[in-house]
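S.K.: Pasting final_26.txt here (compact mmCIF, C-alpha atoms and all ligand atoms):
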# COMPACT_ATOMS: atom_id res chain seq x y z
CA MET A 1 -27.08 89.58 -100.08
CA SER A 2 -25.05 87.17 -102.24
CA LEU A 3 -24.83 83.41 -101.79
CA ALA A 4 -21.23 83.82 -100.61
CA ASP A 5 -22.34 86.20 -97.86
CA SER A 6 -22.50 84.20 -94.60
CA SER A 7 -23.75 87.04 -92.44
CA PRO A 8 -27.21 86.57 -90.87
CA PRO A 9 -30.21 87.94 -92.76
CA PRO A 10 -31.39 91.45 -91.84
CA PRO A 11 -34.03 91.67 -89.07
CA PRO A 12 -37.15 91.92 -91.30
CA LEU A 13 -36.04 88.78 -93.17
CA GLN A 14 -35.31 86.99 -89.87
CA ALA A 15 -38.81 87.87 -88.67
CA TRP A 16 -40.33 86.63 -91.94
CA ILE A 17 -38.42 83.32 -91.70
CA ARG A 18 -39.46 82.87 -88.05
CA ASN A 19 -43.10 83.59 -88.90
CA GLU A 20 -43.04 81.18 -91.85
CA CYS A 21 -41.52 78.43 -89.70
CA GLU A 22 -44.11 78.99 -86.96
CA ALA A 23 -46.96 78.95 -89.48
CA ARG A 24 -45.78 75.82 -91.26
CA TRP A 25 -44.34 73.72 -88.42
CA HIS A 26 -46.88 70.97 -88.99
CA ALA A 27 -45.32 70.27 -92.40
CA LEU A 28 -42.20 69.10 -90.51
CA ALA A 29 -44.12 66.95 -88.02
CA ASN A 30 -42.78 63.44 -87.60
CA CYS A 31 -46.36 62.18 -87.24
CA LEU A 32 -47.36 63.42 -90.68
CA GLY A 33 -49.12 60.57 -92.47
CA LYS A 34 -49.12 58.28 -89.42
CA ASP A 35 -52.29 56.65 -88.07
CA PRO A 36 -54.02 59.29 -85.88
CA SER A 37 -55.16 56.59 -83.43
CA ILE A 38 -51.52 56.30 -82.33
CA PHE A 39 -51.74 59.84 -80.98
CA PHE A 40 -55.40 59.82 -80.01
CA PRO A 41 -56.10 56.34 -78.59
CA GLU A 42 -59.75 55.43 -78.09
CA ASP A 43 -59.17 54.52 -74.45
CA THR A 44 -58.81 58.05 -73.14
CA VAL A 45 -60.63 57.41 -69.87
CA SER A 46 -58.06 55.25 -68.13
CA ASN A 47 -55.21 57.57 -69.11
CA ARG A 48 -52.72 54.70 -68.85
CA PRO A 49 -49.24 55.91 -69.86
CA HIS A 50 -48.43 52.90 -72.08
CA LEU A 51 -51.24 53.92 -74.46
CA TYR A 52 -48.87 56.54 -75.78
CA ASP A 53 -45.69 54.46 -76.07
CA GLU A 54 -45.67 54.35 -79.89
CA ALA A 55 -46.55 58.03 -80.14
CA ARG A 56 -43.80 58.84 -77.66
CA ARG A 57 -41.23 57.06 -79.84
CA ILE A 58 -42.34 59.02 -82.91
CA CYS A 59 -42.40 62.32 -81.03
CA GLU A 60 -38.90 61.80 -79.62
CA ALA A 61 -37.43 62.27 -83.10
CA CYS A 62 -39.69 65.17 -84.06
CA LEU A 63 -38.10 68.50 -84.94
CA VAL A 64 -41.14 70.55 -84.00
CA GLN A 65 -41.91 69.27 -80.50
CA VAL A 66 -41.80 72.78 -79.04
CA GLN A 67 -44.29 74.18 -81.55
CA CYS A 68 -46.56 71.16 -81.13
CA ALA A 69 -46.47 71.42 -77.33
CA GLU A 70 -47.42 75.09 -77.54
CA ALA A 71 -50.28 74.37 -79.95
CA GLY A 72 -51.66 71.58 -77.77
CA LYS A 73 -51.09 72.96 -74.30
CA HIS A 74 -54.84 73.40 -73.66
CA GLU A 75 -55.97 70.23 -75.44
CA GLN A 76 -57.57 67.63 -73.19
CA LEU A 77 -56.94 64.61 -75.42
CA GLY A 78 -54.09 63.09 -77.38
CA MET A 79 -50.35 63.41 -77.60
CA TRP A 80 -48.98 66.91 -78.17
CA GLY A 81 -45.31 67.82 -78.14
CA GLY A 82 -44.39 64.35 -76.93
CA MET A 83 -46.65 64.68 -73.87
CA SER A 84 -49.72 62.66 -72.99
CA PRO A 85 -52.74 64.39 -71.38
CA SER A 86 -51.57 63.46 -67.87
CA GLU A 87 -48.12 64.88 -68.61
CA ARG A 88 -49.60 68.14 -69.90
CA HIS A 89 -52.16 68.46 -67.12
CA PRO A 90 -50.75 66.64 -64.09
CA LYS A 91 -52.86 68.60 -61.58
CA LYS A 92 -56.09 67.72 -63.39
CA VAL A 93 -55.26 63.99 -63.31
CA ARG A 94 -54.33 64.18 -59.62
CA LEU A 95 -57.64 65.90 -58.87
CA LYS A 96 -59.50 63.22 -60.84
CA LEU A 97 -57.77 60.49 -58.83
CA VAL A 98 -58.62 62.20 -55.56
CA LEU A 99 -62.27 62.52 -56.55
CA GLU A 100 -62.59 58.87 -57.59
S1 LIG B 201 -44.29 66.24 -81.30
FE1 LIG B 201 -46.30 66.75 -82.16
S2 LIG B 201 -45.90 67.14 -84.31
FE2 LIG B 201 -44.16 66.01 -83.51
S3 LIG B 201 -44.59 63.86 -83.91
FE3 LIG B 201 -45.32 64.33 -81.85
S4 LIG B 201 -47.48 64.84 -82.09
FE4 LIG B 201 -46.52 64.99 -84.12
Rewrite the structure of this file - the entire thing - as structure tokens.
M.R.:
Amino acid sequence: MSLADSSPPPPPLQAWIRNECEARWHALANCLGKDPSIFFPEDTVSNRPHLYDEARRICEACLVQVQCAEAGKHEQLGMWGGMSPSERHPKKVRLKLVLE
């Protein structure tokens, strides 16, 4: 394959590129180097949506939201893929509110 060749890479190369991107998505994260407390606020009990406002702004411009959301889909705390815990687990929050 020459540089002038614009055809897509052959399937094994496509698979390798996809695997590399999946394995290294965190290197493209918009939150890289940011204060972790923005994404994991100490006040996790009240679950107030505004706690995640700054994180939400950072996540909105992130190129790897999909990969992050997949990685954090079972996490109970923090912002993952631009979603707060109550956005990832709406049923759990509803159940908590009913029980309180
Ligand atoms: S979507 Fe995930 S990886 Fe991207 S900035 Fe938000 S928390 Fe970080």
S.K.: Could you tell me which of A:Ala15, A:Leu51, A:Cys21, A:Val64 comes closest to ligand LIG 201 (chain B) if we count only C-alpha atoms and all ligand atoms?
M.R.: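 The closest residue to ligand LIG 201 (chain B) is A:Val64.
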S.K.: Kindly provide, as AutoDock Vina command-line options, the centre and edge lengths (Å, one decimal) of an axis-aligned box around all atoms of region 17-34 of chain A given in the file, with 4 Å on each side.
M.R.:
--center_x -43.8 --center_y 70.9 --center_z -89.7 --size_x 18.7 --size_y 33.3 --size_z 13.5
S.K.: Under the rule that all atoms listed in the file are counted, which of A:His89, A:His74, A:Lys34, A:His50 is the nearest residue to ligand LIG 201 (chain B)?
M.R.: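 For ligand LIG 201 (chain B), the nearest of the candidates is A:Lys34.
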S.K.: Show me which residues line ligand LIG 201 (chain B), defined as having an atom within 8 Å of a ligand atom where all atoms listed in the file count, and present them as a list in words.
M.R.: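 Those within range of ligand LIG 201 (chain B) are Trp25, His26, Leu28, Ala29, Asn30, Cys31, Leu32, Phe39, Ala55, Arg56, Ile58, Cys59, Glu60, Ala61, Cys62, Leu63, Val64, Gln65, Val66, Gln67, Cys68, Ala69, Met79, Trp80, Gly81, Gly82 and Met83 of chain A.
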S.K.: Would you export the selected residues with C-alpha atoms as a tab-separated table (two decimals), keeping the file's coordinate frame, please?
M.R.:
chain	number	residue	atom	x	y	z
A	25	TRP	CA	-44.34	73.72	-88.42
A	26	HIS	CA	-46.88	70.97	-88.99
A	28	LEU	CA	-42.20	69.10	-90.51
A	29	ALA	CA	-44.12	66.95	-88.02
A	30	ASN	CA	-42.78	63.44	-87.60
A	31	CYS	CA	-46.36	62.18	-87.24
A	32	LEU	CA	-47.36	63.42	-90.68
A	39	PHE	CA	-51.74	59.84	-80.98
A	55	ALA	CA	-46.55	58.03	-80.14
A	56	ARG	CA	-43.80	58.84	-77.66
A	58	ILE	CA	-42.34	59.02	-82.91
A	59	CYS	CA	-42.40	62.32	-81.03
A	60	GLU	CA	-38.90	61.80	-79.62
A	61	ALA	CA	-37.43	62.27	-83.10
A	62	CYS	CA	-39.69	65.17	-84.06
A	63	LEU	CA	-38.10	68.50	-84.94
A	64	VAL	CA	-41.14	70.55	-84.00
A	65	GLN	CA	-41.91	69.27	-80.50
A	66	VAL	CA	-41.80	72.78	-79.04
A	67	GLN	CA	-44.29	74.18	-81.55
A	68	CYS	CA	-46.56	71.16	-81.13
A	69	ALA	CA	-46.47	71.42	-77.33
A	79	MET	CA	-50.35	63.41	-77.60
A	80	TRP	CA	-48.98	66.91	-78.17
A	81	GLY	CA	-45.31	67.82	-78.14
A	82	GLY	CA	-44.39	64.35	-76.93
A	83	MET	CA	-46.65	64.68	-73.87
S.K.: Rank A:Arg57, A:Pro8, A:Tyr52, A:Glu70 by their smallest atom-to-atom distance to Ser84 (chain A), using only C-alpha atoms, and report the top residue only.
M.R.: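 Of the candidates, the smallest distance to Ser84 (chain A) is held by A:Tyr52.
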